[in-house]
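A short write-up of the structure that comes next.
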Amino acid sequence: MLKRMSLISAYIALGCAATVLPVLISIYVANEDVARREQRDLRLYAEKAVMRTELVTYQGFAAIADLQAEHGAPCSPEYLERAAHVIFNYRYVRDAGAYGDGRYLCSPLFGDVRTQNLALPPPRWRSNDGYLLWFQQKNPLSDVREDIQIGRNGQYVSIDPQSYVDVMDPAGRPIATINTDVNSIVALSTGADPDEMLDAWKRAGRVDSGEWNYAVARSATRALGVVVKGRRTSLLKDWPGLLAMWVSMGVAMGGAFGWFAFKRISRQVSFQASLEWAISQRIIDVEYQPVVSLATNECVGVEALARWNLNGREISPNIFIALAEQHGLIQALTDLVLDKALHDLTDLLRSRPSFYVSINVSGEDLRTPRFLNLITARLAGTGLRPAQIRIEATERHFLNADVTRQTIAAFRSAGHPVYIDDFGTGYSSLAYLQTFRIDVLKIDKSFVDTIAQQAASSIVAPHIIDMAHELGVEIVAEGIERSEQVEYLARRGVQYGQGWLFAKAMRREELVAWLEARRASHAPAQPAVQ
Ligand code: C2E
Ligand code: MG
Ligand code: MG
């Protein structure tokens, strides 16, 4: 019961796992893939932004160089005209002019302000090659406007910070341009949070956020860097909901598996239980198949064969015998067959003392003298001879040699001949057979089938026959269906045959009638009383 429950639980768990795991694994893999692609895409975006930053910076440098090429004195009309040209020609430059002593001196935007003392604070940063940089530099003419100013040798250009971060991007992902020497923000796209971006820059983009990815890139030539951020699309964002959905589907599938397992196991269990019940209620029937002397055509005995009719269906003995062996029911079955055979045939056996019935036994019956003792007890007072009850065991039942050897010897010394059944289908080598003392060998039907045919396996039958002769054991050929098999076997000295050519297994009444009819037609074939 416990085993059954754990088997069903295992099926349910299997059903759950088989449904949920592949889905969760594929979602996880897809999610990882999306994350990888997004990271790569964001890195490309950062590299593009760095190129943009460099472009704007170099344009600033070029504008200053252009301004310095003017030979007229700073703030002369020629100079201011040149500055106006620079503003016009360089897209990102919105003012250009001269400074000195911490003051703006002149530009097309301011005009000549040398006398006005327009203060210019010290630069925020100075490059090795002599460029000065002011960032977030308040324009003296405006409260809101902030510029980036690049200066050198008394000339400067003002640049709109937005042009540093003006990268075409449909998703509008935030960018911050960083001066990598002082780790300060130079320019920031609208809406971006400077503290967050600077923090991300300092962590080289490795920010632990479920919502955002960050990426950084550095300029190879200037002290410039960029940090960008992009929204993270997570397939697992709603993972509790997702998990709940798939787990419930898994449970449903597991339930289906469990139900299937339950049905299967119950069927198997009920099959086994039915057999147990059939044995205990003694509703297993026994039929008898005649064994015929090939020389005289006389019926010398019968083999008892168990029959089980379950709900109108004949179950093959090959199936229910194996089931009985598996579930410890075989001894009860063997006992039942013996009892029924004795019940059915005692009169017949008594009236024909050389007639016999052979009982098929299994490995369990050969492990102990239990079955032998039972036969002895049953025969006591019946007047039957021990030789009238014979034992058939297949080769595989001889396997447990040391134990069975003793039991077989005990059967024989008690006067019950022992038959080796289905010979040739098992493991016995001929040499192995020599170590067992048995009385009769039954050649399996599969070899008898090939007799008088050109099949390669037809050489096996004569071999077995010769060997049996050498060992001095009698032979029964099983499954004879054609008269040429009888001719061949008789010629080879095989003493007995069994098969549908003579008769199928029959109920007691049919057997008695069959024997009567045969006796009438073969008179005086009455076997001699021994
Ligand atoms: P087995 O002991 O070798 O029995 C002979 C089988 O061959 C029987 O099948 C019989 O009906 C079948 N047979 C006989 N002559 C012919 C023929 O000319 N043509 C064909 N096609 N078949 C023939 P069955 O009754 O189905 O039994 C199968 C096996 O089940 C038996 O093989 C035996 O090993 C086992 N068995 C049957 N009854 C018992 C029993 O009471 N106890 C045990 N332990 N095993 C049994
Ligand atoms: Mg048999
Ligand atoms: Mg057989």
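Labeling convention for the structure tokens: chains A, B, ... as they appear, residues from 1 per chain, ligands from 1 in order of appearance.
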
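DSSP on the backbone gives strand (DSSP E or B) for these parts of range 440-519 of chain A: A:Val440, A:Leu441, A:Lys442, A:Ile443, A:Glu474, A:Ile475, A:Val476, A:Ala477, A:Tyr496, A:Gly497, A:Met506.
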
At a cut-off of 6 Å and counting only C-alpha atoms and all ligand atoms, what residues surround ligand 2? Please answer as a VMD selection string.
chain A and resid 360 392 421

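For range 502-511 of chain A, the set of protein, DNA and RNA residues having any atom at most 10 Å away, when counting only C-alpha atoms and skipping those fewer than 6 positions along the same chain, is A:Asp285, A:Val286, A:Glu287, A:Tyr288, A:Gln289, A:Pro290, A:Val291, A:Val292, A:Asn297, A:Cys299, A:Val302, A:Glu303, A:Ala304, A:Leu305, A:Ala306, A:Arg307, A:Ala341, A:His343, A:Asp344, A:Leu345, A:Leu348, A:Gly479, A:Ile480, A:Glu481, A:Arg482, A:Ser483, A:Ala517.
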
Nearby residues (only C-alpha atoms) at most 12 Å from Thr233 in chain A, same-chain spacing under 2 positions excluded, as a PyMOL selection string:
chain A and resi 30-39+209-213+230-231+235-238

Save out the residues we just selected, C-alpha atoms, as a PDB file, in the first residue's frame.
ATOM      1  CA  ALA A  30      15.094  33.538 -22.759  1.00  0.00           C
ATOM      2  CA  ASN A  31      15.401  36.042 -19.946  1.00  0.00           C
ATOM      3  CA  GLU A  32      19.174  35.612 -19.783  1.00  0.00           C
ATOM      4  CA  ASP A  33      19.348  36.019 -23.540  1.00  0.00           C
ATOM      5  CA  VAL A  34      17.305  39.208 -23.490  1.00  0.00           C
ATOM      6  CA  ALA A  35      19.493  40.571 -20.675  1.00  0.00           C
ATOM      7  CA  ARG A  36      22.659  39.785 -22.650  1.00  0.00           C
ATOM      8  CA  ARG A  37      21.328  41.472 -25.777  1.00  0.00           C
ATOM      9  CA  GLU A  38      20.251  44.549 -23.825  1.00  0.00           C
ATOM     10  CA  GLN A  39      23.667  44.856 -22.204  1.00  0.00           C
ATOM     11  CA  SER A 209      19.074  47.397 -10.155  1.00  0.00           C
ATOM     12  CA  GLY A 210      16.126  45.296 -11.212  1.00  0.00           C
ATOM     13  CA  GLU A 211      14.812  48.065 -13.424  1.00  0.00           C
ATOM     14  CA  TRP A 212      17.834  49.554 -15.162  1.00  0.00           C
ATOM     15  CA  ASN A 213      20.969  48.485 -16.976  1.00  0.00           C
ATOM     16  CA  GLY A 230      18.488  51.717 -20.382  1.00  0.00           C
ATOM     17  CA  ARG A 231      15.394  50.114 -19.038  1.00  0.00           C
ATOM     18  CA  LEU A 235      10.411  38.331 -18.693  1.00  0.00           C
ATOM     19  CA  LEU A 236      10.493  37.278 -15.070  1.00  0.00           C
ATOM     20  CA  LYS A 237       9.246  40.602 -13.781  1.00  0.00           C
ATOM     21  CA  ASP A 238       6.009  38.992 -12.769  1.00  0.00           C
TER      22      ASP A 238
END

Using DSSP assignments from the backbone, pull out every residue in range 141-371 of chain A that falls under helix (DSSP H, G or I) and give it to me as number ranges by chain.
A: 161-164, 194-202, 239-280, 317-326, 330-351, 363-367, 370-371

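Each of A:Gly363, A:Pro194, A:Gly383, A:Pro121 was compared to Thr334 in chain A using only C-alpha atoms, and A:Gly363 turns out to be the nearest.
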
Counting only C-alpha atoms and all ligand atoms, which protein, DNA or RNA residues come within 10 Å of ligand 3, given as number ranges by chain?
A: 303, 360, 392-394, 419-423, 425, 441-446, 476-479, 498

What lies within 12 Å of Ala252 in chain A using only C-alpha atoms, ignoring chain neighbours under 3 positions off, as JSON, numbers by chain?
{"A": [12, 13, 14, 15, 16, 17, 18, 19, 20, 245, 246, 247, 248, 249, 255, 256, 257, 258, 259]}
